[in-house]
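Novice: Dropping a structure here in structure tokens format, bear with me for questions.
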Amino acid sequence: MADFLCPAVNFIGKGTVAEVGPRAAMFGTKALIVCDGFLAKLEDGPVAKVKDSLAASGVKFAIYDGVEPNPKDTNVAAGLKIYKAEKCDIIVTVGGGSSHDCGKGIGIAATHDGDLYKDYAGIEMLTNELPPIIAVNTTAGTASEVTRHCVITNTKEKVKFVIVSWRNLPKVSINDPELMVAKPAGLTAATGMDALTHAVECYVTKDANPATDAVAIHAIKLIGKFLRRAVANGADIEAREGMAYGSLLAGMAFNNAGLGYVHAMAHQLGGLLDMPHGIANAVLLPHIERYNLMVNPEKFADIAVALGENINGLGKMEAAEKAIDAIVRLSMDVGIPQHLAELGVKESDIQQMAEMAMRDGNAGTNPRVGKLADIVQLFKNAM
Ligand SMILES: [Fe+2]
């Protein structure tokens, strides 16, 4: 059995940020804009453009601009307070995955009693409809603008938890490459490698199906073609648009086929050490996929070809290994560190992170079934 979920309406292309206002007016009268402090202050930046579009359509708005990277339960609580005090009925998230996940969290908290972590972490635990969410995306990476995933950090227990539900799906996603040109090279690289990780993990996952395979492999092609260009020149609008499509397609794929150990392990690096999500994924990706290689070498050979490798005349495993070579080369070209140790991870952190990774919702769909000792070893390999 397979299901395939994505938002009902997805705008992609230059100038599509202007669709926010008209769409919001179809849903309600007052929007809570959810973003970070940096975007909120940018003159003529994405938030300013969203405000202009809402105003032009006669939609009132309030703003919560306190979203942090790896969004926290405290961010959700602060945003909820404003949502209620201002009597909002729409949520417009502006930014990358942190803003979208925080906005989903606010939507859940506005419509569900109890505690997000204790009562709703897991799969399909939500019982009520969320306020309509319009997700305006400014990074080509997490694809949270098109997914049912909401990842929040529990600040007391220092753990990331995931609320997976079809109710989290934004009603409208907007990917306007002109909103992405100001993103610094380092962030472009990290979020781009997150997108590549989504596409690779879900192409080989246990729940992959022909629909998810079709979009995942094309996402890998686009990211392989455009990520270096987007990092080299942020104003390269064709590269930005290529990455926007790559990220979106990867999101549509993993939203339905799931992920694997890379994300299960990266979430622990984010929760325990606040490591940027894209960096954590990029460092782990070659190690976990080398471990997964023997489950389905044909699919890894597809990945190698999608990333531009020549596999003519190679044996099955040799061709598959080309995928790992290509991933490492791309990661190094865009300037990603290659070792966890240089990012502040200590050997003494590994046991606890490995135990938590085994319990992460993404572990269950990894193609190769590992034991705790395997996860410990994979963390060590990445050190
Ligand atoms: Fe991710």
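All residue names refer to the structure tokens as shown: chains lettered A, B, ... in order, residues numbered from 1 in each chain, ligands numbered from 1 in order.
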At a cut-off of 7 Å and counting only C-alpha atoms and all ligand atoms, what residues surround ligand 1? Please answer as a list in words.

Specialist: Thr142, Asp194, Ala195, Thr197, His198, His263, His277 and Gly278 of chain A

Novice: Can you spit out the residues from that selection as a PDB file, in the first residue's frame, using C-alpha atoms?

Specialist:
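Wrote it out as selection.pdb, contents follow:
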ATOM      1  CA  THR A 142      13.994  21.022   4.741  1.00  0.00           C
ATOM      2  CA  ASP A 194      19.660  18.407   3.755  1.00  0.00           C
ATOM      3  CA  ALA A 195      17.582  18.263   0.562  1.00  0.00           C
ATOM      4  CA  THR A 197      19.810  13.654   2.170  1.00  0.00           C
ATOM      5  CA  HIS A 198      16.000  13.597   1.929  1.00  0.00           C
ATOM      6  CA  HIS A 263      17.882  11.721  10.004  1.00  0.00           C
ATOM      7  CA  HIS A 277      20.386  20.083  10.717  1.00  0.00           C
ATOM      8  CA  GLY A 278      21.875  20.243   7.212  1.00  0.00           C
TER       9      GLY A 278
END

Novice: Where in segment 213-343 of chain A does DSSP assign alpha helix (DSSP H), given as a PyMOL selection string?

Specialist: chain A and resi 213-232+237-257+261-273+277-292+297-306+316-333

Novice: May I have all residues of segment 130-378 of chain A that DSSP, computed from the backbone, assigns to strand (DSSP E or B), given as a list of chain:residue names?

Specialist: A:Ile133, A:Ile134, A:Ala135, A:Val136, A:Asn137, A:His149, A:Cys150, A:Val151, A:Ile152, A:Thr153, A:Asn154, A:Val159, A:Lys160, A:Phe161, A:Val162, A:Ile163, A:Val164, A:Val172, A:Ser173, A:Ile174, A:Asn175

Novice: Mind running segment 88-148 of chain A against segment 52-63 of chain A at 10 Å and telling me each contacting residue's nearest atom pair with the distance in Å (one decimal), counting only C-alpha atoms, chain and number ascending, as a tab-separated table?

Specialist:
residue	atom	partner	partner_atom	distance
A:Cys88	CA	A:Phe61	CA	7.6
A:Asp89	CA	A:Phe61	CA	9.7
A:Ile90	CA	A:Phe61	CA	9.0
A:Ile91	CA	A:Phe61	CA	9.4
A:Val92	CA	A:Phe61	CA	9.3
A:Thr93	CA	A:Ile63	CA	9.9

Novice: Write out as number ranges by chain which residues come within 8 Å of Ala78 of chain A when counting only C-alpha atoms, dropping same-chain ones fewer than 3 positions away.

Specialist: A: 64, 66, 74-75, 81-82

Novice: Hey, can you spit out that residue selection with N, CA and C atoms as a PDB file, in the first residue's frame?

Specialist:
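What follows is the written file out28.pdb:
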ATOM      1  N   TYR A  64       5.053  36.986  15.022  1.00  0.00           N
ATOM      2  CA  TYR A  64       5.931  36.375  16.027  1.00  0.00           C
ATOM      3  C   TYR A  64       7.278  36.159  15.341  1.00  0.00           C
ATOM      4  N   GLY A  66      10.308  35.325  16.843  1.00  0.00           N
ATOM      5  CA  GLY A  66      11.305  34.776  17.769  1.00  0.00           C
ATOM      6  C   GLY A  66      11.748  33.358  17.456  1.00  0.00           C
ATOM      7  N   THR A  74       9.642  26.367  23.629  1.00  0.00           N
ATOM      8  CA  THR A  74       9.442  27.724  24.157  1.00  0.00           C
ATOM      9  C   THR A  74       9.045  28.700  23.041  1.00  0.00           C
ATOM     10  N   ASN A  75       9.551  28.483  21.827  1.00  0.00           N
ATOM     11  CA  ASN A  75       9.158  29.316  20.682  1.00  0.00           C
ATOM     12  C   ASN A  75       7.679  29.104  20.357  1.00  0.00           C
ATOM     13  N   LYS A  81       0.908  32.462  22.272  1.00  0.00           N
ATOM     14  CA  LYS A  81       0.400  33.566  23.088  1.00  0.00           C
ATOM     15  C   LYS A  81      -0.066  34.714  22.194  1.00  0.00           C
ATOM     16  N   ILE A  82       0.758  35.032  21.188  1.00  0.00           N
ATOM     17  CA  ILE A  82       0.409  36.134  20.271  1.00  0.00           C
ATOM     18  C   ILE A  82      -0.773  35.730  19.389  1.00  0.00           C
TER      19      ILE A  82
END

Novice: Mind pulling up the distance from atom CA of Glu145 of chain A to atom CA of Ala301 of chain A?

Specialist: 29.8 Å

Novice: Check the smallest atom-to-atom distance from each of A:Met193, A:Ile288, A:Met125, A:Ala354 to Leu330 of chain A using only C-alpha atoms, then report the winner.

Specialist: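 Among the listed residues, A:Met193 lies closest to Leu330 of chain A.
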
Novice: Check the smallest atom-to-atom distance from each of A:Gly95, A:Ile12, A:Tyr83, A:Asp207 to Gly37 of chain A using only C-alpha atoms, then report the winner.

Specialist: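 Looking only at the distances to Gly37 of chain A, the closest residue turns out to be A:Gly95.
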
Novice: So, with only C-alpha atoms as the atoms that count, which of A:Ile33, A:Ala341, A:Ala208, A:Leu5 lies closest to Ala257 of chain A?

Specialist: A:Ala208

Novice: At a cut-off of 10 Å, using only C-alpha atoms, what residues contact Arg228 of chain A? Leave out same-chain residues fewer than 3 positions from it and give the result as a PyMOL selection string.

Specialist: chain A and resi 185+188-189+192+223-225+231-233+239+330-331+333-335

Novice: Mind dumping the selected residues with N, CA and C atoms as an mmCIF file, in the first residue's frame?

Specialist:
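Contents of the output file result_27.cif:
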data_model
loop_
_atom_site.group_PDB
_atom_site.id
_atom_site.type_symbol
_atom_site.label_atom_id
_atom_site.label_comp_id
_atom_site.auth_asym_id
_atom_site.auth_seq_id
_atom_site.Cartn_x
_atom_site.Cartn_y
_atom_site.Cartn_z
ATOM 1 N N ALA A 185 26.281 31.657 1.439
ATOM 2 C CA ALA A 185 26.749 30.413 0.805
ATOM 3 C C ALA A 185 26.733 29.232 1.781
ATOM 4 N N THR A 188 23.236 28.004 2.259
ATOM 5 C CA THR A 188 22.799 27.387 0.999
ATOM 6 C C THR A 188 23.350 25.971 0.905
ATOM 7 N N ALA A 189 24.631 25.808 1.267
ATOM 8 C CA ALA A 189 25.278 24.492 1.200
ATOM 9 C C ALA A 189 24.628 23.521 2.189
ATOM 10 N N GLY A 192 21.028 22.725 1.252
ATOM 11 C CA GLY A 192 21.038 21.932 0.015
ATOM 12 C C GLY A 192 21.412 20.483 0.292
ATOM 13 N N ILE A 223 19.600 18.573 -7.690
ATOM 14 C CA ILE A 223 20.511 19.044 -6.632
ATOM 15 C C ILE A 223 21.962 18.855 -7.085
ATOM 16 N N GLY A 224 22.233 17.708 -7.735
ATOM 17 C CA GLY A 224 23.577 17.478 -8.266
ATOM 18 C C GLY A 224 23.971 18.527 -9.300
ATOM 19 N N LYS A 225 22.997 18.971 -10.075
ATOM 20 C CA LYS A 225 23.265 19.942 -11.132
ATOM 21 C C LYS A 225 23.394 21.378 -10.605
ATOM 22 N N VAL A 231 25.682 27.771 -4.497
ATOM 23 C CA VAL A 231 26.662 28.133 -3.465
ATOM 24 C C VAL A 231 27.681 29.124 -4.031
ATOM 25 N N ALA A 232 28.098 28.885 -5.273
ATOM 26 C CA ALA A 232 29.131 29.733 -5.890
ATOM 27 C C ALA A 232 28.634 31.145 -6.161
ATOM 28 N N ASN A 233 27.363 31.266 -6.514
ATOM 29 C CA ASN A 233 26.794 32.585 -6.825
ATOM 30 C C ASN A 233 25.325 32.598 -6.402
ATOM 31 N N ALA A 239 19.880 28.654 -10.847
ATOM 32 C CA ALA A 239 20.330 27.654 -9.864
ATOM 33 C C ALA A 239 19.421 27.647 -8.646
ATOM 34 N N LEU A 330 30.517 16.202 -3.708
ATOM 35 C CA LEU A 330 29.593 17.347 -3.675
ATOM 36 C C LEU A 330 29.672 18.046 -2.311
ATOM 37 N N SER A 331 29.642 17.262 -1.256
ATOM 38 C CA SER A 331 29.687 17.816 0.100
ATOM 39 C C SER A 331 30.969 18.624 0.317
ATOM 40 N N ASP A 333 32.914 19.945 -2.073
ATOM 41 C CA ASP A 333 32.926 21.104 -2.977
ATOM 42 C C ASP A 333 32.160 22.283 -2.401
ATOM 43 N N VAL A 334 31.066 22.012 -1.683
ATOM 44 C CA VAL A 334 30.272 23.134 -1.155
ATOM 45 C C VAL A 334 30.714 23.522 0.263
ATOM 46 N N GLY A 335 31.810 22.926 0.722
ATOM 47 C CA GLY A 335 32.457 23.421 1.948
ATOM 48 C C GLY A 335 31.941 22.850 3.252
#

Novice: For Tyr120 of chain A, list every protein, DNA or RNA residue within 9 Å, evaluated using only C-alpha atoms, and leave out those in the same chain fewer than 6 positions away; present the list as a ChimeraX atom specification.

Specialist: /A:114,126,162-164

Novice: For each of A:Ile123, A:Ala182, A:Gly28, A:Ala18, take the minimum atom-to-atom distance to Leu42 of chain A, counting only C-alpha atoms, then give the residue where this is smallest.

Specialist: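 Closest to Leu42 of chain A, using only C-alpha atoms: A:Ala182.
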
Novice: Determine the nearest neighbour of Val345 of chain A from the options A:Val151, A:Leu272, A:Val204, A:Leu285, counting only C-alpha atoms.

Specialist: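 Checking each of A:Val151, A:Leu272, A:Val204, A:Leu285 against Val345 of chain A, counting only C-alpha atoms, the winner is A:Leu272.
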